[in-house]
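Chemist: Please find one structure pasted underneath; my questions will follow.
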Amino acid sequence: MRHIPDKVTSPPGRGPARRAAGPRGPRATAVLALGTFAVGTDAYVVAGFLPSMARSLHVSQGAAGQSATAFAVAYAVLSPVLATAAARLPRRTLLVVALLVLAGANLGTALAPDFGSLMACRVLAAAGAAAFTPTAGAAAAALVPAGRRARALAVVVGGLTVATALGVPLGNLAERTVGWRTGLALIAALCAVCAAAVRAVLPALPGAPRVALRVRLAAVRRPGVAGVLPLTAVGMAAGFGLYAYAVPLMRALGAGSSAQTWLLSLYGLGALAGSLGAGAAADRFGPVRVLTVGYLALTGTLAALAAAVAADVDRLAVSAVLLAAWGAATWFQTPAQQVRLIAAAPGETAVVIGLNASALYVGIAAGTGLGGLLLPHGVLVPLLCCAVLAALCPPYLALTARRRVRPTP
């Protein structure tokens, strides 16, 4: 999940951002990447230990998975609100506070005595994540010379990408070794360490100019933007319907606990390859072609998973291929969708990318919520529903791609 935040400015030739453009800039960028890794791991790790968490809290796995829905909904709603409310705060202060909030929320989740308390802590964690991630990108861009900003942003985003690949298998490993509560406590500790590192390494950076919330949301009314965002939501809902319930899905495919961690690692590697490959392909072939192929692949992968479950296929090789394909076909969407949005509103890049992130989390929330509601009927029913959602994406893409919309100057 990539965010291109509002630019942090300092007077030319002066100010903390300029002074940090030397050796301190790369060190601070690396610390910010560690922070985005912690944030991303927190978002994905729950899926890896869902069964044990459900047992501890005496709820069904479908209900426990709604904690991911709560996180996604809160992130989608709070991201533009916090970007507006906290725009003028010094960047270092905002980053440290966001990480401490995330650390406290994870510790609270680890100690939660009941499901209601856990849900409240997940909402608080989403607030910390929504405040940290875009601000980290803005700070990284301000800490290096102009010619190295793209690379600095890539390093920071790389923390999220690695978390995508490792978050769920790390959660599954924690379930089998130290327990889910200890796993979340370790993430809380990592967030606290990152907060201390940001405070020690990051120089003082001023806040950004405030962009009113109504200005951010006004971009939704532009035809070129309005046609793209629903596709982000529906596509992610299709890919994420069973994500939080990956462990029950693997069990339905006949994978025992010893195989689950490496199967989830294949999902993560597929997600990493899909995201990176789609970005390069969109530059070469255009985003519409990449999205068309990707949504067809997502539809086919979900249908194949449903067929494997229905046929009671018990072959690890088949499961491995399908898990890797599922990760790639889910995470290919974001780079190409961002290209379409930037082309539609090149003067409002930060705003539309932020809106796409919100739409992405709306889709994750809808997919996870649907999966949780249908999971009591077995994994086959939500798989088929997700395949239907994915199948709706290519015709919608064809419809919106044919509309000629004049880009915003």
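Following the order of the structure tokens, first chain is A, next is B, and so on, with residues numbered from 1 inside each chain and ligands from 1 in the order they appear.
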Report as a ChimeraX atom specification all protein, DNA and RNA residues lying within 10 Å of Val339 of chain A, evaluated on only C-alpha atoms, omitting residues in the same chain fewer than 6 positions from it.
Modeler: /A:279,282-283,286-288,346,349,353
Chemist: As a list in words, please: the residues near segment 298-306 of chain A (cut-off 7 Å, only C-alpha atoms, same-chain neighbours under 5 positions excluded).
Modeler: Leu322, Ala325, Trp326, Ala329, Thr330, Leu380, Leu383, Leu384, Ala387, Ala390 and Ala391 of chain A
Chemist: Restricting it to C-alpha atoms, dump the selection as a compact mmCIF listing (two decimals), in the first residue's frame.
Modeler:
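Generated file (result.txt):
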# COMPACT_ATOMS: atom_id res chain seq x y z
CA LEU A 322 -2.46 -20.93 -5.70
CA ALA A 325 -0.87 -16.47 -7.41
CA TRP A 326 -3.44 -15.12 -4.95
CA ALA A 329 -3.20 -11.09 -8.25
CA THR A 330 -4.37 -9.15 -5.18
CA LEU A 380 -16.07 -22.23 -0.39
CA LEU A 383 -14.37 -17.76 -2.19
CA LEU A 384 -17.11 -17.95 -4.81
CA ALA A 387 -14.54 -14.60 -7.49
CA ALA A 390 -13.33 -10.00 -9.20
CA ALA A 391 -15.22 -10.93 -12.37
Chemist: So the first atom is atom CA of Ala252 of chain A and the second is atom CA of Gly179 of chain A; what is the distance between them in Å, to one decimal place?
Modeler: 22.7 Å
Chemist: What does the distance between atom CA of Arg199 of chain A and atom CA of Ala185 of chain A come to in Å, to one decimal place?
Modeler: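 A separation of 21.2 Å between them.
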Chemist: With only C-alpha atoms counted and 10 Å as the cut-off, give the residues of segment 135-206 of chain A in contact with segment 253-275 of chain A, each with its shortest interatomic distance in Å and the pair that gives it, as JSON lines.
Modeler:
{"residue": "A:Gly158", "atom": "CA", "partner": "A:Leu272", "partner_atom": "CA", "distance": 9.8}
{"residue": "A:Thr161", "atom": "CA", "partner": "A:Leu272", "partner_atom": "CA", "distance": 6.4}
{"residue": "A:Val162", "atom": "CA", "partner": "A:Leu272", "partner_atom": "CA", "distance": 7.5}
{"residue": "A:Ala163", "atom": "CA", "partner": "A:Gly268", "partner_atom": "CA", "distance": 8.5}
{"residue": "A:Thr164", "atom": "CA", "partner": "A:Gly268", "partner_atom": "CA", "distance": 5.9}
{"residue": "A:Ala165", "atom": "CA", "partner": "A:Gly268", "partner_atom": "CA", "distance": 3.4}
{"residue": "A:Leu166", "atom": "CA", "partner": "A:Gly268", "partner_atom": "CA", "distance": 6.1}
{"residue": "A:Gly167", "atom": "CA", "partner": "A:Gly268", "partner_atom": "CA", "distance": 8.0}
{"residue": "A:Val168", "atom": "CA", "partner": "A:Leu264", "partner_atom": "CA", "distance": 6.4}
{"residue": "A:Pro169", "atom": "CA", "partner": "A:Thr261", "partner_atom": "CA", "distance": 4.9}
{"residue": "A:Leu170", "atom": "CA", "partner": "A:Thr261", "partner_atom": "CA", "distance": 7.6}
{"residue": "A:Gly171", "atom": "CA", "partner": "A:Thr261", "partner_atom": "CA", "distance": 8.7}
{"residue": "A:Asn172", "atom": "CA", "partner": "A:Thr261", "partner_atom": "CA", "distance": 5.9}
{"residue": "A:Leu173", "atom": "CA", "partner": "A:Thr261", "partner_atom": "CA", "distance": 6.3}
{"residue": "A:Ala174", "atom": "CA", "partner": "A:Thr261", "partner_atom": "CA", "distance": 9.9}
{"residue": "A:Arg176", "atom": "CA", "partner": "A:Ser257", "partner_atom": "CA", "distance": 8.3}
Chemist: Considering only C-alpha atoms, state which residue in the set A:Leu397, A:Ala98, A:Val247, A:Ala280 is at the smallest distance from Leu82 of chain A.
Modeler: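 For Leu82 of chain A, the nearest of the given residues is A:Ala98.
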Chemist: Please indicate the distance in Å from atom CA of Leu202 of chain A to atom CA of Ala28 of chain A, rounded to one decimal place.
Modeler: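 That distance, rounded to one decimal, is 5.5 Å.
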